[in-house]
$ cat final02.pdb   # PDB, C-alpha atoms, pLDDT in the B column
ATOM      1  CA  MET O   1       0.529  24.695  -2.172  1.00 45.00           C
ATOM      2  CA  THR O   2       2.066  27.342   0.093  1.00 48.00           C
ATOM      3  CA  LEU O   3       3.286  26.437   3.570  1.00 46.00           C
ATOM      4  CA  PRO O   4       3.875  28.991   6.346  1.00 47.00           C
ATOM      5  CA  LYS O   5       7.382  30.345   6.782  1.00 48.00           C
ATOM      6  CA  LEU O   6       8.409  28.224   9.743  1.00 45.00           C
ATOM      7  CA  THR O   7      11.941  26.908  10.159  1.00 46.00           C
ATOM      8  CA  GLY O   8      13.729  24.641  12.566  1.00 47.00           C
ATOM      9  CA  GLY O   9      12.023  22.556  15.216  1.00 46.00           C
ATOM     10  CA  GLY O  10      11.686  24.837  18.213  1.00 50.00           C
ATOM     11  CA  ASP O  11       8.640  26.935  17.369  1.00 63.00           C
ATOM     12  CA  TYR O  12       6.087  24.135  16.931  1.00 63.00           C
ATOM     13  CA  GLU O  13       5.469  20.504  17.759  1.00 71.00           C
ATOM     14  CA  ILE O  14       3.058  19.643  14.942  1.00 71.00           C
ATOM     15  CA  LEU O  15       2.239  21.371  11.682  1.00 66.00           C
ATOM     16  CA  ALA O  16      -1.213  20.184  10.577  1.00 69.00           C
ATOM     17  CA  VAL O  17      -1.811  20.260   6.834  1.00 70.00           C
ATOM     18  CA  GLY O  18      -5.003  19.747   4.858  1.00 68.00           C
ATOM     19  CA  ALA O  19      -3.674  18.083   1.742  1.00 63.00           C
ATOM     20  CA  LYS O  20      -5.457  14.770   1.337  1.00 65.00           C
ATOM     21  CA  LYS O  21      -6.397  15.377  -2.289  1.00 61.00           C
ATOM     22  CA  ILE O  22      -2.895  16.272  -3.466  1.00 59.00           C
ATOM     23  CA  GLY O  23      -1.160  13.850  -1.092  1.00 63.00           C
ATOM     24  CA  MET O  24       1.611  14.278   1.449  1.00 64.00           C
ATOM     25  CA  SER O  25       4.398  13.788  -1.099  1.00 65.00           C
ATOM     26  CA  LYS O  26       3.817  17.287  -2.510  1.00 65.00           C
ATOM     27  CA  VAL O  27       3.703  18.716   1.011  1.00 64.00           C
ATOM     28  CA  THR O  28       6.967  17.050   2.009  1.00 69.00           C
ATOM     29  CA  GLN O  29       8.654  18.389  -1.142  1.00 66.00           C
ATOM     30  CA  ASP O  30       7.673  21.917  -0.127  1.00 67.00           C
ATOM     31  CA  ALA O  31       8.722  21.189   3.453  1.00 63.00           C
ATOM     32  CA  ARG O  32      12.241  20.220   2.360  1.00 68.00           C
ATOM     33  CA  ARG O  33      12.521  23.405   0.338  1.00 72.00           C
ATOM     34  CA  LEU O  34      11.501  25.457   3.394  1.00 69.00           C
ATOM     35  CA  ASN O  35      13.739  23.461   5.786  1.00 71.00           C
ATOM     36  CA  LEU O  36      10.752  22.202   7.764  1.00 67.00           C
ATOM     37  CA  LEU O  37      11.066  18.965   9.679  1.00 69.00           C
ATOM     38  CA  GLU O  38       9.055  16.364   7.786  1.00 69.00           C
ATOM     39  CA  GLU O  39       8.383  14.371  10.932  1.00 69.00           C
ATOM     40  CA  LYS O  40       6.439  17.286  12.401  1.00 72.00           C
ATOM     41  CA  LEU O  41       4.022  17.399   9.456  1.00 74.00           C
ATOM     42  CA  LEU O  42       0.674  15.737  10.027  1.00 77.00           C
ATOM     43  CA  GLY O  43      -2.227  15.452   7.601  1.00 78.00           C
ATOM     44  CA  ASP O  44      -5.323  16.696   9.396  1.00 82.00           C
ATOM     45  CA  TRP O  45      -7.428  13.773   8.077  1.00 87.00           C
ATOM     46  CA  ILE O  46      -5.054  11.213   9.609  1.00 90.00           C
ATOM     47  CA  VAL O  47      -6.002  12.095  13.190  1.00 89.00           C
ATOM     48  CA  THR O  48      -9.595  11.041  12.429  1.00 92.00           C
ATOM     49  CA  ILE O  49      -8.586   7.476  11.476  1.00 94.00           C
ATOM     50  CA  PRO O  50      -9.750   4.994  14.155  1.00 96.00           C
ATOM     51  CA  GLY O  51      -6.851   3.832  16.322  1.00 96.00           C
ATOM     52  CA  PHE O  52      -4.731   6.922  15.675  1.00 95.00           C
ATOM     53  CA  THR O  53      -2.280   8.016  18.318  1.00 94.00           C
ATOM     54  CA  LEU O  54       0.616  10.342  17.576  1.00 91.00           C
ATOM     55  CA  GLU O  55       3.032   7.806  19.060  1.00 93.00           C
ATOM     56  CA  LYS O  56       1.884   5.006  16.731  1.00 95.00           C
ATOM     57  CA  TYR O  57       1.820   7.267  13.704  1.00 93.00           C
ATOM     58  CA  ARG O  58       5.329   8.587  14.289  1.00 91.00           C
ATOM     59  CA  LYS O  59       6.548   5.018  14.774  1.00 95.00           C
ATOM     60  CA  LEU O  60       4.946   4.043  11.462  1.00 95.00           C
ATOM     61  CA  GLN O  61       6.553   7.021   9.690  1.00 91.00           C
ATOM     62  CA  ARG O  62      10.006   6.170  11.030  1.00 92.00           C
ATOM     63  CA  SER O  63       9.661   2.484  10.183  1.00 95.00           C
ATOM     64  CA  ARG O  64      10.039   3.031   6.394  1.00 96.00           C
ATOM     65  CA  LEU O  65       7.580   0.218   5.808  1.00 97.00           C
ATOM     66  CA  SER O  66       7.612  -1.499   2.404  1.00 98.00           C
ATOM     67  CA  ILE O  67       4.102  -2.649   1.486  1.00 98.00           C
ATOM     68  CA  PHE O  68       3.699  -5.357  -1.154  1.00 98.00           C
ATOM     69  CA  ALA O  69       0.176  -5.942  -2.431  1.00 98.00           C
ATOM     70  CA  MET O  70      -1.302  -7.807  -5.383  1.00 97.00           C
ATOM     71  CA  ASN O  71      -3.281  -4.769  -6.532  1.00 96.00           C
ATOM     72  CA  CYS O  72      -3.767  -1.081  -5.659  1.00 95.00           C
ATOM     73  CA  PHE O  73      -4.180  -1.742  -1.916  1.00 97.00           C
ATOM     74  CA  GLY O  74      -0.599  -0.754  -1.053  1.00 96.00           C
ATOM     75  CA  GLY O  75      -0.768   2.555  -2.871  1.00 94.00           C
ATOM     76  CA  LEU O  76      -4.218   3.365  -1.522  1.00 95.00           C
ATOM     77  CA  ILE O  77      -3.380   2.751   2.128  1.00 96.00           C
ATOM     78  CA  SER O  78      -0.068   4.623   1.794  1.00 93.00           C
ATOM     79  CA  HIS O  79      -1.935   7.621   0.361  1.00 91.00           C
ATOM     80  CA  THR O  80      -4.559   7.403   3.129  1.00 92.00           C
ATOM     81  CA  LEU O  81      -1.839   7.495   5.788  1.00 92.00           C
ATOM     82  CA  GLY O  82       0.391  10.024   4.053  1.00 88.00           C
ATOM     83  CA  LEU O  83       3.249   7.515   3.740  1.00 91.00           C
ATOM     84  CA  PRO O  84       5.903   7.416   0.991  1.00 90.00           C
ATOM     85  CA  PHE O  85       6.059   4.457  -1.401  1.00 94.00           C
ATOM     86  CA  TYR O  86       8.845   2.064  -0.416  1.00 96.00           C
ATOM     87  CA  ALA O  87       7.868  -0.730  -2.812  1.00 97.00           C
ATOM     88  CA  PRO O  88       7.666  -0.865  -6.628  1.00 97.00           C
ATOM     89  CA  VAL O  89       4.263  -2.573  -6.937  1.00 97.00           C
ATOM     90  CA  ILE O  90       2.279   0.676  -6.877  1.00 94.00           C
ATOM     91  CA  ASN O  91      -0.582   1.384  -9.317  1.00 93.00           C
ATOM     92  CA  MET O  92      -0.387  -2.083 -10.854  1.00 96.00           C
ATOM     93  CA  PHE O  93      -1.657  -5.599 -10.221  1.00 97.00           C
ATOM     94  CA  LEU O  94      -0.757  -9.294 -10.494  1.00 98.00           C
ATOM     95  CA  VAL O  95      -2.971 -12.376 -10.734  1.00 98.00           C
ATOM     96  CA  ALA O  96      -2.947 -14.654  -7.701  1.00 97.00           C
ATOM     97  CA  ASN O  97      -0.507 -17.333  -8.931  1.00 98.00           C
ATOM     98  CA  ASP O  98       2.034 -14.828 -10.190  1.00 98.00           C
ATOM     99  CA  TYR O  99       1.803 -12.848  -6.962  1.00 98.00           C
ATOM    100  CA  MET O 100       2.486 -15.997  -4.970  1.00 98.00           C
ATOM    101  CA  HIS O 101       5.553 -16.704  -7.132  1.00 98.00           C
ATOM    102  CA  LEU O 102       6.733 -13.126  -6.541  1.00 98.00           C
ATOM    103  CA  LEU O 103       6.458 -13.476  -2.781  1.00 98.00           C
ATOM    104  CA  HIS O 104       8.258 -16.836  -2.788  1.00 98.00           C
ATOM    105  CA  SER O 105      11.334 -15.227  -4.359  1.00 98.00           C
ATOM    106  CA  LEU O 106      10.981 -11.508  -3.827  1.00 98.00           C
ATOM    107  CA  ARG O 107      14.676 -10.639  -3.909  1.00 97.00           C
ATOM    108  CA  GLY O 108      15.208 -12.747  -7.001  1.00 98.00           C
ATOM    109  CA  TYR O 109      12.395 -11.095  -8.929  1.00 98.00           C
ATOM    110  CA  MET O 110      13.671  -7.647  -7.963  1.00 98.00           C
ATOM    111  CA  GLU O 111      16.806  -8.495  -9.946  1.00 97.00           C
ATOM    112  CA  GLU O 112      14.786  -9.155 -13.110  1.00 98.00           C
ATOM    113  CA  LYS O 113      14.363  -6.506 -15.801  1.00 97.00           C
ATOM    114  CA  PRO O 114      10.746  -5.648 -16.772  1.00 97.00           C
ATOM    115  CA  ILE O 115      10.188  -6.585 -20.424  1.00 98.00           C
ATOM    116  CA  LEU O 116       7.249  -5.197 -22.382  1.00 98.00           C
ATOM    117  CA  LYS O 117       4.838  -7.936 -23.443  1.00 97.00           C
ATOM    118  CA  GLU O 118       2.011  -5.861 -24.901  1.00 97.00           C
ATOM    119  CA  MET O 119      -0.028  -2.681 -24.481  1.00 97.00           C
ATOM    120  CA  LYS O 120      -3.648  -3.100 -23.412  1.00 96.00           C
ATOM    121  CA  TRP O 121      -6.564  -0.675 -23.521  1.00 96.00           C
ATOM    122  CA  GLN O 122      -7.686   0.626 -20.123  1.00 91.00           C
ATOM    123  CA  THR O 123     -11.417   1.306 -20.494  1.00 91.00           C
ATOM    124  CA  ASP O 124     -11.887   3.408 -17.338  1.00 89.00           C
ATOM    125  CA  LEU O 125      -8.863   5.657 -17.822  1.00 89.00           C
ATOM    126  CA  LYS O 126      -9.036   5.552 -21.633  1.00 94.00           C
ATOM    127  CA  PHE O 127      -5.416   4.815 -22.479  1.00 95.00           C
ATOM    128  CA  TYR O 128      -3.211   1.861 -23.352  1.00 97.00           C
ATOM    129  CA  TYR O 129      -1.118   0.541 -20.476  1.00 97.00           C
ATOM    130  CA  PRO O 130       1.909  -1.795 -20.445  1.00 97.00           C
ATOM    131  CA  ILE O 131       1.744  -5.457 -19.519  1.00 98.00           C
ATOM    132  CA  VAL O 132       5.270  -6.583 -18.653  1.00 98.00           C
ATOM    133  CA  MET O 133       7.092  -9.806 -17.954  1.00 98.00           C
ATOM    134  CA  LEU O 134       9.288  -9.915 -14.873  1.00 98.00           C
ATOM    135  CA  GLY O 135      11.102 -13.171 -15.349  1.00 97.00           C
ATOM    136  CA  ASP O 136       8.283 -15.712 -15.661  1.00 98.00           C
ATOM    137  CA  ILE O 137       5.530 -13.615 -14.070  1.00 98.00           C
ATOM    138  CA  THR O 138       3.238 -10.962 -15.547  1.00 98.00           C
ATOM    139  CA  ILE O 139       2.640  -7.510 -14.102  1.00 98.00           C
ATOM    140  CA  TYR O 140      -0.203  -5.286 -15.282  1.00 98.00           C
ATOM    141  CA  MET O 141       0.917  -1.655 -14.953  1.00 97.00           C
ATOM    142  CA  ASN O 142      -2.643  -0.465 -15.450  1.00 95.00           C
ATOM    143  CA  HIS O 143      -2.236   3.100 -14.185  1.00 94.00           C
ATOM    144  CA  TYR O 144       0.682   3.990 -16.450  1.00 96.00           C
ATOM    145  CA  PRO O 145       0.104   5.072 -20.067  1.00 96.00           C
ATOM    146  CA  ASP O 146       3.822   5.003 -20.860  1.00 96.00           C
ATOM    147  CA  PHE O 147       6.053   1.908 -20.576  1.00 97.00           C
ATOM    148  CA  ASP O 148       9.331   3.783 -20.066  1.00 97.00           C
ATOM    149  CA  LYS O 149       7.884   5.982 -17.316  1.00 96.00           C
ATOM    150  CA  ALA O 150       6.317   2.948 -15.618  1.00 96.00           C
ATOM    151  CA  VAL O 151       9.646   1.112 -15.601  1.00 97.00           C
ATOM    152  CA  ALA O 152      11.444   4.241 -14.354  1.00 97.00           C
ATOM    153  CA  LYS O 153       9.041   4.401 -11.389  1.00 96.00           C
ATOM    154  CA  TRP O 154       9.490   0.671 -10.814  1.00 97.00           C
ATOM    155  CA  ASN O 155      13.272   0.995 -10.679  1.00 97.00           C
ATOM    156  CA  GLU O 156      13.172   4.120  -8.513  1.00 97.00           C
ATOM    157  CA  ARG O 157      10.903   2.537  -5.908  1.00 96.00           C
ATOM    158  CA  LYS O 158      12.712  -0.792  -6.058  1.00 97.00           C
ATOM    159  CA  GLN O 159      15.801   0.945  -4.695  1.00 97.00           C
ATOM    160  CA  LYS O 160      13.796   2.136  -1.681  1.00 97.00           C
ATOM    161  CA  ILE O 161      12.663  -1.300  -0.468  1.00 98.00           C
ATOM    162  CA  ASN O 162      13.268  -1.730   3.255  1.00 98.00           C
ATOM    163  CA  TRP O 163      14.132  -5.417   3.424  1.00 98.00           C
ATOM    164  CA  TYR O 164      14.119  -5.225   7.218  1.00 98.00           C
ATOM    165  CA  ASN O 165      10.481  -4.125   7.426  1.00 98.00           C
ATOM    166  CA  LEU O 166       8.200  -5.786   4.885  1.00 98.00           C
ATOM    167  CA  PHE O 167       4.420  -6.021   4.978  1.00 98.00           C
ATOM    168  CA  VAL O 168       2.753  -8.322   2.453  1.00 98.00           C
ATOM    169  CA  THR O 169      -0.955  -8.436   1.793  1.00 98.00           C
ATOM    170  CA  ALA O 170      -3.366 -10.224  -0.516  1.00 98.00           C
ATOM    171  CA  HIS O 171      -7.044 -11.054  -0.872  1.00 98.00           C
ATOM    172  CA  THR O 172      -8.662 -14.312  -1.910  1.00 98.00           C
ATOM    173  CA  GLY O 173     -11.751 -16.456  -1.806  1.00 97.00           C
ATOM    174  CA  ASP O 174      -9.608 -19.572  -2.336  1.00 98.00           C
ATOM    175  CA  LYS O 175      -8.752 -21.538   0.818  1.00 98.00           C
ATOM    176  CA  LYS O 176      -5.782 -23.237  -0.875  1.00 98.00           C
ATOM    177  CA  PHE O 177      -4.270 -19.853  -1.783  1.00 98.00           C
ATOM    178  CA  LEU O 178      -4.798 -18.727   1.811  1.00 98.00           C
ATOM    179  CA  GLU O 179      -2.934 -21.784   3.126  1.00 98.00           C
ATOM    180  CA  GLN O 180      -0.034 -21.097   0.760  1.00 98.00           C
ATOM    181  CA  PHE O 181       0.030 -17.439   1.750  1.00 98.00           C
ATOM    182  CA  ASP O 182      -0.062 -18.302   5.443  1.00 98.00           C
ATOM    183  CA  ALA O 183       3.034 -20.500   4.990  1.00 98.00           C
ATOM    184  CA  LEU O 184       5.115 -17.642   3.533  1.00 98.00           C
ATOM    185  CA  PRO O 185       8.109 -16.628   5.700  1.00 96.00           C
ATOM    186  CA  TYR O 186       7.072 -13.029   6.383  1.00 98.00           C
ATOM    187  CA  ALA O 187       6.621 -11.679   9.893  1.00 97.00           C
ATOM    188  CA  LYS O 188       3.788  -9.356   8.835  1.00 98.00           C
ATOM    189  CA  LYS O 189       1.363 -10.862   6.350  1.00 98.00           C
ATOM    190  CA  VAL O 190      -2.349 -10.222   5.912  1.00 98.00           C
ATOM    191  CA  CYS O 191      -4.723 -12.021   3.564  1.00 98.00           C
ATOM    192  CA  PHE O 192      -8.260 -10.650   3.427  1.00 98.00           C
ATOM    193  CA  VAL O 193     -10.843 -13.399   2.991  1.00 98.00           C
ATOM    194  CA  PRO O 194     -14.670 -13.542   2.725  1.00 98.00           C
ATOM    195  CA  PHE O 195     -14.863 -16.573   5.045  1.00 97.00           C
ATOM    196  CA  LYS O 196     -13.884 -17.386   8.633  1.00 97.00           C
ATOM    197  CA  SER O 197     -10.538 -19.101   9.203  1.00 97.00           C
ATOM    198  CA  ASP O 198      -8.293 -19.935  12.155  1.00 97.00           C
ATOM    199  CA  LEU O 199      -5.101 -19.194  10.210  1.00 98.00           C
ATOM    200  CA  ASP O 200      -3.160 -16.264  11.652  1.00 96.00           C
ATOM    201  CA  SER O 201      -2.835 -14.424   8.345  1.00 98.00           C
ATOM    202  CA  ALA O 202      -6.566 -14.675   7.523  1.00 98.00           C
ATOM    203  CA  TRP O 203      -8.388 -11.382   8.055  1.00 98.00           C
ATOM    204  CA  TYR O 204     -12.112 -11.785   7.595  1.00 98.00           C
ATOM    205  CA  ILE O 205     -14.234  -9.158   5.869  1.00 97.00           C
ATOM    206  CA  ASN O 206     -17.914  -9.989   5.541  1.00 96.00           C
ATOM    207  CA  PRO O 207     -18.785  -9.768   1.813  1.00 96.00           C
ATOM    208  CA  GLU O 208     -22.437  -9.133   2.730  1.00 94.00           C
ATOM    209  CA  ILE O 209     -21.453  -5.625   3.836  1.00 91.00           C
ATOM    210  CA  LYS O 210     -21.332  -4.631   0.160  1.00 92.00           C
ATOM    211  CA  LYS O 211     -23.370  -7.354  -1.561  1.00 90.00           C
ATOM    212  CA  SER O 212     -23.117  -5.967  -5.081  1.00 92.00           C
ATOM    213  CA  TRP O 213     -19.338  -5.383  -4.967  1.00 95.00           C
ATOM    214  CA  GLU O 214     -16.567  -7.736  -5.959  1.00 96.00           C
ATOM    215  CA  PHE O 215     -14.454  -8.740  -2.974  1.00 97.00           C
ATOM    216  CA  TRP O 216     -11.269  -7.024  -4.209  1.00 96.00           C
ATOM    217  CA  ASN O 217     -13.215  -3.764  -4.355  1.00 96.00           C
ATOM    218  CA  ILE O 218     -14.415  -4.167  -0.768  1.00 97.00           C
ATOM    219  CA  VAL O 219     -10.800  -4.716   0.315  1.00 97.00           C
ATOM    220  CA  ASN O 220      -9.540  -1.668  -1.569  1.00 97.00           C
ATOM    221  CA  HIS O 221     -12.234   0.483   0.019  1.00 96.00           C
ATOM    222  CA  PHE O 222     -10.973  -0.605   3.428  1.00 97.00           C
ATOM    223  CA  ALA O 223      -7.620   0.910   2.432  1.00 96.00           C
ATOM    224  CA  VAL O 224      -9.264   4.320   2.048  1.00 94.00           C
ATOM    225  CA  GLY O 225     -11.460   4.007   5.121  1.00 94.00           C
ATOM    226  CA  ALA O 226     -14.774   3.186   3.524  1.00 94.00           C
ATOM    227  CA  PRO O 227     -14.998   1.784   6.127  1.00 95.00           C
ATOM    228  CA  PHE O 228     -12.042   0.823   8.356  1.00 96.00           C
ATOM    229  CA  TYR O 229     -12.745  -2.798   9.322  1.00 97.00           C
ATOM    230  CA  TYR O 230      -9.523  -3.103  11.349  1.00 98.00           C
ATOM    231  CA  ASP O 231      -7.061  -0.768  13.073  1.00 98.00           C
ATOM    232  CA  VAL O 232      -4.638   0.054  10.244  1.00 98.00           C
ATOM    233  CA  PHE O 233      -1.897   1.243  12.607  1.00 98.00           C
ATOM    234  CA  ASP O 234      -1.838  -2.039  14.520  1.00 98.00           C
ATOM    235  CA  MET O 235      -1.999  -3.900  11.220  1.00 98.00           C
ATOM    236  CA  LEU O 236       0.953  -2.191   9.563  1.00 98.00           C
ATOM    237  CA  LEU O 237       3.130  -1.806  12.647  1.00 98.00           C
ATOM    238  CA  TYR O 238       2.676  -5.232  14.201  1.00 97.00           C
ATOM    239  CA  GLY O 239       0.500  -7.371  11.937  1.00 96.00           C
ATOM    240  CA  LYS O 240      -1.954  -7.250  14.838  1.00 97.00           C
ATOM    241  CA  LYS O 241      -5.632  -7.933  14.153  1.00 97.00           C
ATOM    242  CA  THR O 242      -7.748  -5.298  15.943  1.00 97.00           C
ATOM    243  CA  PRO O 243     -11.343  -5.363  14.627  1.00 96.00           C
ATOM    244  CA  LEU O 244     -13.212  -2.058  14.637  1.00 96.00           C
ATOM    245  CA  ILE O 245     -16.667  -3.174  13.513  1.00 93.00           C
ATOM    246  CA  GLU O 246     -18.901  -6.214  13.863  1.00 90.00           C
ATOM    247  CA  MET O 247     -18.691  -8.547  10.892  1.00 87.00           C
TER     248      MET O 247
END

$ encode --input "final02.pdb" --output "structure tokens"
Amino acid sequence: MTLPKLTGGGDYEILAVGAKKIGMSKVTQDARRLNLLEEKLLGDWIVTIPGFTLEKYRKLQRSRLSIFAMNCFGGLISHTLGLPFYAPVINMFLVANDYMHLLHSLRGYMEEKPILKEMKWQTDLKFYYPIVMLGDITIYMNHYPDFDKAVAKWNERKQKINWYNLFVTAHTGDKKFLEQFDALPYAKKVCFVPFKSDLDSAWYINPEIKKSWEFWNIVNHFAVGAPFYYDVFDMLLYGKKTPLIEM
């Protein structure tokens, strides 16, 4: 991708870029090379996201938010919003019980070394991917065909965790899991559920919207705006529940 030859911060307030397919990370790499201010870059698709204001988006960019999710949700929503990855659990998943253990002792597990357990065939992507043990929990690195490269990414992103600004998310149809998740000591926590609940961390998504889909798939499609059930800026900045559609 070629960016215009702009330098400094005085000639422009915003540089809009159309780079959703390749992602903002490639754009920001080029921006650094050209001495462009990263904060002035704005993906043109981002302004169409419901709830967008430049003030909220800039605040989200500056916050260096670390998103922990039990599946691809964190990576998907970061890509949708053009945000860097500040957490290692990207392009991988954990089962519910292991994810709960991870969240109960997040710092402790980040000290553990990933150990290869086995390689498993990924039918959709047609390669073998590593299943690793992190202490006593299992992580499925299902988007990585190479164990060493997967661990290198894990270690690189682990160093970027912003312990002062964590957002943890999950999905479940199990009310007991929801209760356990709601009791976790995180200021911003969101658990998507297919049933109504009065618990603060319970975010309802009506499974009838996509009757033939599994619930995890409905949740992941929310992360890419298909559709946006809630205001993602309010969610990530404040953990605030702002519904956008009737459910």

$ closest_residue --input "final02.pdb" --among "O:Phe228, O:Ile218, O:Lys241, O:Val151" --to "O:Leu199" --atoms "only C-alpha atoms"
O:Lys241

$ atom_distance --input "final02.pdb" --atom1 "atom CA of O:Cys191" --atom2 "atom CA of O:Asp174"
10.8 Å

$ resolve_selection --input "final02.pdb" --expression "the PyMOL selection byres ((chain O and resi 144) around 9)" --output "list in words"
Asn91, Met92, Phe127, Tyr128, Tyr129, Pro130, Met141, Asn142, His143, Pro145, Asp146, Phe147, Lys149 and Ala150 of chain O

$ residues_around --input "final02.pdb" --residues "O:Leu236" --least-positions-apart "3" --cutoff "12 Å" --atoms "all atoms listed in the file" --output "PyMOL selection string"
chain O and resi 51+56-57+59-61+63-68+74+77-78+81+83+165-169+187-190+223+230-233+239-242

$ atom_distance --input "final02.pdb" --atom1 "atom CA of O:Pro114" --atom2 "atom CA of O:Leu134"
4.9 Å

$ closest_residue --input "final02.pdb" --among "O:Leu103, O:Leu42, O:Ile90, O:Cys72" --to "O:Tyr186" --atoms "all atoms listed in the file"
O:Leu103

$ atom_distance --input "final02.pdb" --atom1 "atom CA of O:Glu111" --atom2 "atom CA of O:Gly75"
21.9 Å

$ residues_around --input "final02.pdb" --residues "O:Asn155" --least-positions-apart "2" --cutoff "10 Å" --atoms "all atoms listed in the file" --output "JSON, numbers by chain"
{"O": [87, 88, 110, 113, 114, 149, 150, 151, 152, 153, 157, 158, 159, 160]}

$ closest_residue --input "final02.pdb" --among "O:Ile137, O:Lys176, O:Ala226, O:Thr48" --to "O:Tyr109" --atoms "all atoms listed in the file"
O:Ile137

$ axis_aligned_box --input "final02.pdb" --around "stretch 61-68 of chain O" --padding-each-side "8 Å" --output "JSON"
{"center_x": 6.9, "center_y": 0.8, "center_z": 4.9, "size_x": 22.3, "size_y": 28.4, "size_z": 28.2}

$ residues_near_point --input "final02.pdb" --point "(15.4, -11.1, 0.9)" --cutoff "10 Å" --atoms "all atoms listed in the file" --output "ChimeraX atom specification"
/O:103-108,110,162-164,166

$ decode --input "final02.pdb" --residues "stretch 199-227 of chain O" --atoms "C-alpha atoms" --output "mmCIF file, in the first residue's frame"
data_model
loop_
_atom_site.group_PDB
_atom_site.id
_atom_site.type_symbol
_atom_site.label_atom_id
_atom_site.label_comp_id
_atom_site.auth_asym_id
_atom_site.auth_seq_id
_atom_site.Cartn_x
_atom_site.Cartn_y
_atom_site.Cartn_z
ATOM 1 C CA LEU O 199 -26.411 -9.764 36.309
ATOM 2 C CA ASP O 200 -24.362 -6.741 35.262
ATOM 3 C CA SER O 201 -21.961 -8.713 33.077
ATOM 4 C CA ALA O 202 -24.745 -10.518 31.167
ATOM 5 C CA TRP O 203 -25.239 -9.120 27.667
ATOM 6 C CA TYR O 204 -28.233 -10.677 25.978
ATOM 7 C CA ILE O 205 -28.232 -11.594 22.298
ATOM 8 C CA ASN O 206 -31.407 -13.211 21.017
ATOM 9 C CA PRO O 207 -30.403 -16.561 19.443
ATOM 10 C CA GLU O 208 -33.554 -16.463 17.289
ATOM 11 C CA ILE O 209 -31.925 -13.734 15.191
ATOM 12 C CA LYS O 210 -29.845 -16.442 13.502
ATOM 13 C CA LYS O 211 -31.774 -19.641 14.260
ATOM 14 C CA SER O 212 -29.506 -22.010 12.356
ATOM 15 C CA TRP O 213 -26.248 -20.659 13.836
ATOM 16 C CA GLU O 214 -24.426 -21.796 16.932
ATOM 17 C CA PHE O 215 -24.380 -19.097 19.595
ATOM 18 C CA TRP O 216 -20.594 -18.577 19.499
ATOM 19 C CA ASN O 217 -20.905 -17.810 15.791
ATOM 20 C CA ILE O 218 -23.608 -15.210 16.420
ATOM 21 C CA VAL O 219 -21.332 -13.555 18.994
ATOM 22 C CA ASN O 220 -18.338 -13.530 16.656
ATOM 23 C CA HIS O 221 -20.434 -11.946 13.916
ATOM 24 C CA PHE O 222 -21.303 -9.142 16.321
ATOM 25 C CA ALA O 223 -17.559 -8.459 16.537
ATOM 26 C CA VAL O 224 -17.462 -7.753 12.799
ATOM 27 C CA GLY O 225 -20.722 -5.820 12.715
ATOM 28 C CA ALA O 226 -23.038 -8.429 11.290
ATOM 29 C CA PRO O 227 -24.885 -6.850 12.989
#
